[in-house]
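A quick write-up on the structure given underneath.
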Amino acid sequence: MFKENYRFMKNIKLFIPILSIFAVSAFAQEETVFDEIWEFDSENETANTIDGDYTAPYDINTLIDVSNGSLTVTGHFENKGITTIKGANTINAEGATTKSEYSFNATGTNQHNRNQLILENVNINMGNFYNERGGGLNTVSPLLTVKGYVTFSNNLTTKQYGTILISEGAKLEILNGKTFAIENSVGTLKFENATKSQFIAPWEFKNQSESVYDFTITNDSLECVDASTAVIQARFVKSLNGKILLDFTNLMLNNDFVAGETYKIALINSYSGEVDSGKFDDSWQILAENVLEGEFAKFAGFTKDNNVLYVNIQAIPEPATYAAIFGAIALLIAAYRRKK
């Protein structure tokens with residue numbers, strides 16, 4: 001079945017206009033209609049392998065489902081369409097993860113995302129993976145979206161206007177002591193809702209001056225209180241002289257966020273046990289102009305505690321709270337005058 005799907009994909013260009021109509025209709029109904037589905041075939045093991053390279057074509061919605069068994073491309077995998085790879089990993093509300101025995105495999109040295117790739121609860125077992133623009137007609141800014149618990153067995157790089165988006169509640173882990181890098185031409189790592197230990201690289205984060213870290217901070221982010229709970233965990237964080245964007249607009253006043261108090265949120269922990277390696281140099285800072293303040297929160301600077309980078313935020317009382325305070329003061333003044 002897998003090989004039959006591959007042959008079908010080779011000849012599918014004739015049907016792209018019709019499939020595009022189906023895709024638009026699906027979008028209007030907020031449902032995803034996949035033009036092509038790959039699934040594990042338990043009755044035919046050879047059907048679960050594509051010999052040679054595979055490229056997901058432009059304007060095609062593809063689902064690669066490894067929930068019930070692994071699928072393999074023996075050459076180079078390249079996504080130029082809109083592709084979802086779904087597995088059977090799990091992550092609970094507390095962030096505890098379970099790794100499935102199944103994975104999506106590609107044996108080529110390097111793999112690429114050139115358009116839109118959604119990874120959901122899946123293990124990606126392949127060569128170095130690059131989230132970057134391609135040449136020719138495909139000049140879109142690539143987007144790799146992580147949902148649930150996702151692992152990579154090899155190095156992961158975003159560059160050339162590529163963005164990696166960690167969805168709310170998701171967790172991305174690089175295995176086997178491999179590295180993560182944000183490289184030239186504004187590579188971006190974005191967190192939809194920054195929470196505890198969402199990105200783990202047991203070795204290095206490598207960054208260039210164009211690097212962008214984009215954190216959306218919510219009340220859940222207040223759980224990132226120290227090194228062990230920082231949003232990003234890496235042994236070495238190198239050349240940290242990029243840009244950090246912070247969005248406080250989703251912070252709300254509640255029992256966890258008290259007006260007038262100042263809070264520290266641990267963003268990046270470079271947990272090397274060595275004296276100098278992995279510590280932040282003085283060029284790495286959060287600038288006020290890169291912060292979008294919210295109705296209830298304002299930027300109060302940053303703190304570098306050896307190998308941990310914190311953002312400080314101050315809770316702003318609601319306008320109604322200010323009115324109540326001034327009203328109480330007015331009543332006290334009036335009472336004082338009457339006594340006189």
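Simple scheme: letters A, B, ... for chains in structure tokens order, numbers from 1 for residues in each chain, numbers from 1 for ligands in the order shown.
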Excluding Met126 in chain A and its own-chain neighbours fewer than 4 positions away, which residues fall within 8 Å of it when counting only C-alpha atoms? Please give them as a VMD selection string. chain A and resid 104 to 111 152 to 154
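Rounded to one decimal, CA of Glu295 in chain A and CA of Ile316 in chain A lie 7.3 Å from each other.
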Which of range 51-277 of chain A fall in strand (DSSP E), as an NGL selection string: :A and (54-56 or 61-65 or 71-73 or 77-79 or 82-86 or 90-91 or 97-98 or 104-113 or 116-120 or 123-131 or 143-147 or 149-152 or 156-158 or 163-166 or 171-174 or 180-182 or 188-191 or 199-207 or 212-218 or 232-238 or 243-250 or 262-270)
Env of Gly134 in chain A: 9 Å cut, atoms = only C-alpha atoms, seq-sep filter 3 positions within chain, self excluded. Answer as a list of chain:residue names.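 In the requested format, the answer is A:Lys80, A:His112, A:Asn113, A:Arg114, A:Asn115, A:Leu137, A:Asn138, A:Thr139, A:Val140, A:Pro142, A:Gln160.
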Would you mind writing down, as a list of chain:residue names, each residue of range 161-223 of chain A that DSSP on the backbone assigns to helix (DSSP H, G or I)? A:Asn219, A:Asp220, A:Ser221, A:Leu222, A:Glu223
Could you please take those selected residues and save N, CA and C atoms as a PDB file, in the first residue's frame?
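Result written to result-v3.pdb:
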```pdb
ATOM      1  N   ASN A 219      -0.120  32.809  32.380  1.00  0.00           N
ATOM      2  CA  ASN A 219      -0.057  32.464  33.803  1.00  0.00           C
ATOM      3  C   ASN A 219       0.632  31.126  34.035  1.00  0.00           C
ATOM      4  N   ASP A 220       0.504  30.208  33.075  1.00  0.00           N
ATOM      5  CA  ASP A 220       1.180  28.913  33.206  1.00  0.00           C
ATOM      6  C   ASP A 220       2.696  29.072  33.242  1.00  0.00           C
ATOM      7  N   SER A 221       3.205  30.146  32.633  1.00  0.00           N
ATOM      8  CA  SER A 221       4.650  30.373  32.591  1.00  0.00           C
ATOM      9  C   SER A 221       5.225  30.674  33.973  1.00  0.00           C
ATOM     10  N   LEU A 222       4.380  31.062  34.910  1.00  0.00           N
ATOM     11  CA  LEU A 222       4.847  31.379  36.257  1.00  0.00           C
ATOM     12  C   LEU A 222       5.393  30.142  36.964  1.00  0.00           C
ATOM     13  N   GLU A 223       5.149  28.952  36.391  1.00  0.00           N
ATOM     14  CA  GLU A 223       5.687  27.713  36.966  1.00  0.00           C
ATOM     15  C   GLU A 223       7.172  27.543  36.657  1.00  0.00           C
TER      16      GLU A 223
END
```
State, in Å with one decimal place, the distance from CA of Asn269 in chain A to CA of Phe236 in chain A.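 Straight-line distance from CA of Asn269 in chain A to CA of Phe236 in chain A works out to 8.9 Å.
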Would you pick out the contacts of Ile265 in chain A at 7 Å or less, using only C-alpha atoms, so that residues sharing its chain but fewer than 3 positions from it are not included, and give the list as a list in words? Ser221, Leu222, Cys224, Val225, Tyr310, Val311 and Asn312 of chain A
Residues at most 7 Å from Glu210 in chain A, counting only C-alpha atoms, excluding those fewer than 3 positions away in the same chain, as a PDB file with N, CA and C atoms, in the first residue's frame?
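Written output follows (part25.pdb):
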```pdb
ATOM      1  N   ASN A 184      21.612  31.492  10.150  1.00  0.00           N
ATOM      2  CA  ASN A 184      21.539  32.746   9.410  1.00  0.00           C
ATOM      3  C   ASN A 184      20.165  33.075   8.854  1.00  0.00           C
ATOM      4  N   SER A 185      19.982  34.334   8.507  1.00  0.00           N
ATOM      5  CA  SER A 185      18.761  34.844   7.875  1.00  0.00           C
ATOM      6  C   SER A 185      17.521  34.621   8.739  1.00  0.00           C
ATOM      7  N   VAL A 186      17.637  34.979   9.974  1.00  0.00           N
ATOM      8  CA  VAL A 186      16.500  35.047  10.886  1.00  0.00           C
ATOM      9  C   VAL A 186      15.784  33.715  11.060  1.00  0.00           C
ATOM     10  N   GLY A 242      21.428  36.872  20.022  1.00  0.00           N
ATOM     11  CA  GLY A 242      20.281  37.107  19.158  1.00  0.00           C
ATOM     12  C   GLY A 242      19.247  37.992  19.827  1.00  0.00           C
TER      13      GLY A 242
END
```
So that I can see what lies close to Asn89 in chain A, please list as a list in words the residues with an atom at most 9 Å from it, counting only C-alpha atoms and leaving out residues fewer than 4 positions away in the same chain.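 Counting only the stated atoms, we get Ser67, Thr97, Thr98, Lys99, Ser100, Glu101, Tyr102, Glu120, Asn121, Val122, Asn123, Gly148, Tyr149 and Val150 of chain A.
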